[in-house]
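See below for the structure under consideration.
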Amino acid sequence: MAMDGEARPNDLSAFWMPFTSNRQFKKQPRMFVSADRMHYTTSDGRQVLDGTAGLWCCNAGHNRPKIVEAIQKQAAQLDYAPAFQMGHPKAFELATKLVNMAPEPFEHAFFTNSGSEAVETALKIALAYHRAKGHGERTRLIGRERGYHGVNFGGISVGGIVTNRKMFGTLLAGVDHLPHTHLPEKNAFTKGQPEHGAYLAEELERIVALHGAETIAAVIVEPMAGSTGVLLPPKGYLQRLREICTNHGILLIFDEVITGFGRLGSSFAAEHYGVMPDLITCAKGLTNGIIPMGAVLATAEIHDTFMQGPEHMIELFHGYTYSGNPVAAAAGIATLETYAEEGLFERADSLATYWEDALHSLKGLPHVTDIRTMGLIGAIELAPIAGEPTKRAFNAFLKCYEKGVLVRTTGDIIALSPPLIIEKEHIDTLIGTLADVLKTLE
Ligand SMILES: Cc1ncc(COP(=O)(O)O)c(C=O)c1O
């Protein structure tokens, strides 16, 4: 109730929406009131096909009974347990399941509540690792242009999306950036990994020469940059980054918040591309997006470096009130079981060619300047309207929504990442609707 005793009306004004054009939205709201498997239901009773797995997170689709029941049961059995100096079984069970699913070198999981927190945690672990090794002078962090690593200060500092950075002051000191790998003039409409661009990894050698390897703690990249518009790693690029990091004792962090949990047809992009980083961040698909949760996966070498000194001492002064929260952990376990029982990563892999062909059928439609896919992820890049960047793709998003299909846009790029339970008919509907919309766009 307001201080003057007058209750405020329940309208749309109080909620300041994240990453949203609030004024536009509140004039023309788009509301989901329920969801089941591949579809959302809107407040006006329409079905909308989910082409984005929510926000790249509902990989098993919506309203999955096993996950729903696990959450309900857990909330009634143990709602919360302190995260520091106390434990509960589900957090341990989930950590074990997670590392068993991850590529071999990853043996430990540190839980957070989001992808952004997973990024901050990984950056802090990297700094503290070098310090524990007696190399406290390794403090620099290297990100990449067009990288997205969430919205906290570490993440936007190493991130490379201008709009996410420029409003927020000077950010972290001691950060440098690799160039992005988006080379449409050479790679447009490539199927699979682009041929050109591996040489851009050599820029890391230049950065190392500039600052001195002994000052650099870690390099963080998305193995496939999602939020900036699905930029696939050029052939050989990730391998070369790995080599340079290893040669200079620099940790390599893969931010797999989008690429984890089957999106590319394997557990993580590290497995898909056969390149092992030292730390992996993940979130989103970890709980099928239902309960906020993220994690950092660490190798034994990194974890064990911290396990020294008196045993009663805390080894890493870091953690969150909700790290490994019981309900989130229960959701995570049920989610990972659902992925395994339904073979959803393999399913994504087996649909990848159909998906690729479907997306590439949009080539030649008005404004389409590039199409990129990998696993069950895809992007259609549009030429911007002169003087009005982002408007053309945003209009496409609005028209698709009206026609019963949810897509996502970033800049003038339409990004797709459907639940891994998608059927071929859904792909046809999704791409057919997009084709219709593209034909009518200004
Ligand atoms: C690669 C990457 N890192 C970090 C994040 C941030 O995750 P969250 O929104 O859960 O904080 C995202 C979100 O899209 C992401 O794509």
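FYI, nothing fancy with the structure tokens labels: chains A, B, ... in order, residues from 1 per chain, ligands from 1 as they appear.
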Give me, as CSV, each residue of chain A that comes within 10 Å of ligand 1, together with its shortest interatomic pair and the distance in Å at one decimal, counting only C-alpha atoms and all ligand atoms, with rows ordered by chain and rising residue number.
```
residue,atom,partner,partner_atom_place_in_ligand_line,distance
A:Leu55,CA,ligand 1,14 (O),7.2
A:Trp56,CA,ligand 1,14 (O),7.3
A:Cys57,CA,ligand 1,14 (O),8.8
A:Thr112,CA,ligand 1,10 (O),9.6
A:Asn113,CA,ligand 1,10 (O),7.4
A:Ser114,CA,ligand 1,10 (O),3.8
A:Gly115,CA,ligand 1,7 (O),3.2
A:Ser116,CA,ligand 1,11 (O),3.5
A:Glu117,CA,ligand 1,11 (O),6.3
A:Ala118,CA,ligand 1,4 (C),7.5
A:Val119,CA,ligand 1,4 (C),6.5
A:Glu120,CA,ligand 1,4 (C),9.5
A:Gly147,CA,ligand 1,1 (C),7.6
A:Tyr148,CA,ligand 1,1 (C),5.3
A:His149,CA,ligand 1,3 (N),3.8
A:Gly150,CA,ligand 1,6 (C),3.5
A:Val151,CA,ligand 1,11 (O),6.5
A:Asn152,CA,ligand 1,11 (O),8.0
A:Gly155,CA,ligand 1,4 (C),7.6
A:Ile156,CA,ligand 1,4 (C),9.7
A:Gly159,CA,ligand 1,3 (N),9.1
A:Val221,CA,ligand 1,1 (C),8.2
A:Glu222,CA,ligand 1,1 (C),5.6
A:Pro223,CA,ligand 1,1 (C),8.8
A:Met224,CA,ligand 1,1 (C),8.4
A:Ala225,CA,ligand 1,1 (C),6.8
A:Gly226,CA,ligand 1,16 (O),5.8
A:Ser227,CA,ligand 1,16 (O),5.4
A:Thr228,CA,ligand 1,16 (O),8.7
A:Phe254,CA,ligand 1,1 (C),8.6
A:Asp255,CA,ligand 1,1 (C),5.1
A:Glu256,CA,ligand 1,1 (C),5.7
A:Val257,CA,ligand 1,2 (C),4.6
A:Ile258,CA,ligand 1,16 (O),5.0
A:Thr259,CA,ligand 1,1 (C),7.7
A:Gly260,CA,ligand 1,1 (C),9.6
A:Thr281,CA,ligand 1,3 (N),7.6
A:Cys282,CA,ligand 1,3 (N),7.6
A:Ala283,CA,ligand 1,10 (O),6.1
A:Lys284,CA,ligand 1,10 (O),6.2
A:Gly289,CA,ligand 1,10 (O),9.1
A:Pro292,CA,ligand 1,10 (O),7.4
A:Met293,CA,ligand 1,10 (O),7.7
A:Gly294,CA,ligand 1,10 (O),7.1
```
Written selection (C-alpha atoms) as an mmCIF file, in the first residue's frame:
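File written: again07.cif
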```cif
data_model
loop_
_atom_site.group_PDB
_atom_site.id
_atom_site.type_symbol
_atom_site.label_atom_id
_atom_site.label_comp_id
_atom_site.auth_asym_id
_atom_site.auth_seq_id
_atom_site.Cartn_x
_atom_site.Cartn_y
_atom_site.Cartn_z
ATOM 1 C CA LEU A 55 15.605 -17.606 -23.279
ATOM 2 C CA TRP A 56 17.806 -20.459 -24.549
ATOM 3 C CA CYS A 57 17.034 -22.366 -21.371
ATOM 4 C CA THR A 112 25.596 -20.110 -8.475
ATOM 5 C CA ASN A 113 22.136 -18.729 -9.282
ATOM 6 C CA SER A 114 22.601 -17.503 -12.822
ATOM 7 C CA GLY A 115 24.934 -17.371 -15.771
ATOM 8 C CA SER A 116 26.145 -13.931 -14.724
ATOM 9 C CA GLU A 117 27.122 -15.237 -11.309
ATOM 10 C CA ALA A 118 28.793 -18.262 -12.860
ATOM 11 C CA VAL A 119 30.943 -15.857 -14.892
ATOM 12 C CA GLU A 120 31.898 -13.764 -11.862
ATOM 13 C CA GLY A 147 31.178 -11.489 -26.174
ATOM 14 C CA TYR A 148 28.255 -11.753 -23.741
ATOM 15 C CA HIS A 149 29.045 -12.883 -20.231
ATOM 16 C CA GLY A 150 26.015 -11.663 -18.339
ATOM 17 C CA VAL A 151 25.459 -8.299 -16.754
ATOM 18 C CA ASN A 152 27.537 -8.079 -13.592
ATOM 19 C CA GLY A 155 30.973 -10.028 -17.034
ATOM 20 C CA ILE A 156 30.413 -6.684 -18.754
ATOM 21 C CA GLY A 159 32.132 -8.797 -22.454
ATOM 22 C CA VAL A 221 35.141 -16.717 -24.552
ATOM 23 C CA GLU A 222 31.842 -18.264 -25.520
ATOM 24 C CA PRO A 223 32.913 -21.190 -27.695
ATOM 25 C CA MET A 224 29.994 -20.153 -29.895
ATOM 26 C CA ALA A 225 28.885 -16.587 -29.227
ATOM 27 C CA GLY A 226 25.126 -16.783 -28.687
ATOM 28 C CA SER A 227 23.631 -13.507 -27.481
ATOM 29 C CA THR A 228 25.513 -11.393 -29.996
ATOM 30 C CA PHE A 254 34.506 -21.374 -21.870
ATOM 31 C CA ASP A 255 31.268 -19.588 -21.094
ATOM 32 C CA GLU A 256 28.792 -22.328 -21.953
ATOM 33 C CA VAL A 257 25.671 -20.737 -20.514
ATOM 34 C CA ILE A 258 24.001 -21.163 -23.907
ATOM 35 C CA THR A 259 26.030 -23.959 -25.481
ATOM 36 C CA GLY A 260 25.710 -26.352 -22.524
ATOM 37 C CA THR A 281 30.427 -21.761 -16.845
ATOM 38 C CA CYS A 282 26.877 -22.992 -17.312
ATOM 39 C CA ALA A 283 23.317 -22.108 -16.224
ATOM 40 C CA LYS A 284 20.031 -21.992 -18.178
ATOM 41 C CA GLY A 289 15.249 -22.730 -16.935
ATOM 42 C CA PRO A 292 17.468 -20.042 -11.348
ATOM 43 C CA MET A 293 20.770 -21.887 -11.116
ATOM 44 C CA GLY A 294 24.234 -21.750 -12.622
#
```
Within 8 Å of A:Leu251, counting only C-alpha atoms, which residues show up once you throw out same-chain ones fewer than 4 positions away? Write them as a VMD selection string, please. chain A and resid 126 217 to 219 245 to 246 277 to 279
Residue set, stretch 111-213 of chain A restricted to strand (DSSP E or B), as a PyMOL selection string: chain A and resi 111-112+140-144+175-178
Output C-alpha atoms for every residue in that selection, as a PDB file, in the first residue's frame.
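As written to disk, result.pdb reads:
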```pdb
ATOM      1  CA  PHE A 111      26.878 -23.622  -7.785  1.00  0.00           C
ATOM      2  CA  THR A 112      25.596 -20.110  -8.475  1.00  0.00           C
ATOM      3  CA  ARG A 140      44.579  -9.419 -16.240  1.00  0.00           C
ATOM      4  CA  LEU A 141      41.462 -10.867 -17.840  1.00  0.00           C
ATOM      5  CA  ILE A 142      40.984 -11.157 -21.585  1.00  0.00           C
ATOM      6  CA  GLY A 143      37.543 -11.252 -23.172  1.00  0.00           C
ATOM      7  CA  ARG A 144      36.406 -10.802 -26.749  1.00  0.00           C
ATOM      8  CA  VAL A 175      40.932  -6.110 -19.106  1.00  0.00           C
ATOM      9  CA  ASP A 176      41.730  -6.490 -22.800  1.00  0.00           C
ATOM     10  CA  HIS A 177      39.730  -7.946 -25.684  1.00  0.00           C
ATOM     11  CA  LEU A 178      40.331 -10.249 -28.586  1.00  0.00           C
TER      12      LEU A 178
END
```
Please measure the separation of atom CA of A:Ile302 and atom CA of A:Tyr129, giving the value in Å to one decimal. 6.7 Å
Can you tell me, as a PyMOL selection string, what residues are no more than 10 Å from A:Pro179 when counting only C-alpha atoms, ignoring any on the same chain fewer than 5 positions away? chain A and resi 143-147+160+200-201+203-204
Please produce a file of those selected residues containing N, CA, C and O atoms, as a short mmCIF file (atom, residue, chain, number, x, y, z; two decimals), in the first residue's frame.
```
data_model
loop_
_atom_site.label_atom_id
_atom_site.label_comp_id
_atom_site.auth_asym_id
_atom_site.auth_seq_id
_atom_site.Cartn_x
_atom_site.Cartn_y
_atom_site.Cartn_z
N GLY A 143 38.82 -10.83 -22.58
CA GLY A 143 37.54 -11.25 -23.17
C GLY A 143 37.59 -11.11 -24.68
O GLY A 143 38.67 -11.16 -25.29
N ARG A 144 36.44 -10.91 -25.28
CA ARG A 144 36.41 -10.80 -26.75
C ARG A 144 35.32 -9.82 -27.16
O ARG A 144 34.26 -9.76 -26.52
N GLU A 145 35.58 -9.07 -28.21
CA GLU A 145 34.55 -8.18 -28.74
C GLU A 145 33.31 -9.01 -29.06
O GLU A 145 33.42 -10.14 -29.54
N ARG A 146 32.16 -8.42 -28.86
CA ARG A 146 30.85 -9.05 -29.08
C ARG A 146 30.56 -10.21 -28.14
O ARG A 146 29.57 -10.90 -28.28
N GLY A 147 31.45 -10.43 -27.16
CA GLY A 147 31.18 -11.49 -26.17
C GLY A 147 30.07 -11.06 -25.23
O GLY A 147 29.94 -9.88 -24.90
N GLY A 160 31.86 -7.87 -24.65
CA GLY A 160 32.21 -6.95 -25.73
C GLY A 160 31.01 -6.43 -26.49
O GLY A 160 31.09 -6.19 -27.69
N LEU A 200 42.49 -15.14 -36.34
CA LEU A 200 42.15 -14.14 -35.32
C LEU A 200 42.58 -14.57 -33.92
O LEU A 200 42.75 -13.74 -33.03
N ALA A 201 42.79 -15.88 -33.74
CA ALA A 201 43.29 -16.36 -32.44
C ALA A 201 44.70 -15.85 -32.18
O ALA A 201 45.12 -15.70 -31.03
N GLU A 203 45.71 -13.04 -32.42
CA GLU A 203 45.66 -11.75 -31.72
C GLU A 203 45.98 -11.93 -30.24
O GLU A 203 46.41 -10.99 -29.58
N LEU A 204 45.72 -13.14 -29.75
CA LEU A 204 46.05 -13.38 -28.34
C LEU A 204 47.57 -13.28 -28.13
O LEU A 204 48.02 -12.78 -27.09
#
```
Counting only C-alpha atoms, figure out which residue out of A:Leu241, A:Ala109, A:Lys26, A:Gly324 gets nearest to A:Pro82. A:Gly324
Spatial neighbours of A:Thr409, 7 Å, only C-alpha atoms, chain gap at least 6 places, as a PyMOL selection string: chain A and resi 393-394+397+415
Those same residues, written as an mmCIF file, in the first residue's frame with C-alpha atoms?
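Saved to again.cif:
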```cif
data_model
loop_
_atom_site.group_PDB
_atom_site.id
_atom_site.type_symbol
_atom_site.label_atom_id
_atom_site.label_comp_id
_atom_site.auth_asym_id
_atom_site.auth_seq_id
_atom_site.Cartn_x
_atom_site.Cartn_y
_atom_site.Cartn_z
ATOM 1 C CA ALA A 393 14.506 -7.520 -36.788
ATOM 2 C CA PHE A 394 12.305 -6.242 -33.962
ATOM 3 C CA PHE A 397 9.850 -10.556 -33.921
ATOM 4 C CA ALA A 415 18.159 -15.947 -33.230
#
```
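Between A:Ser417 and the residues A:Leu430, A:Leu286, A:Leu316, A:Ala70, the shortest atom-to-atom distance, using only C-alpha atoms, involves A:Leu430.
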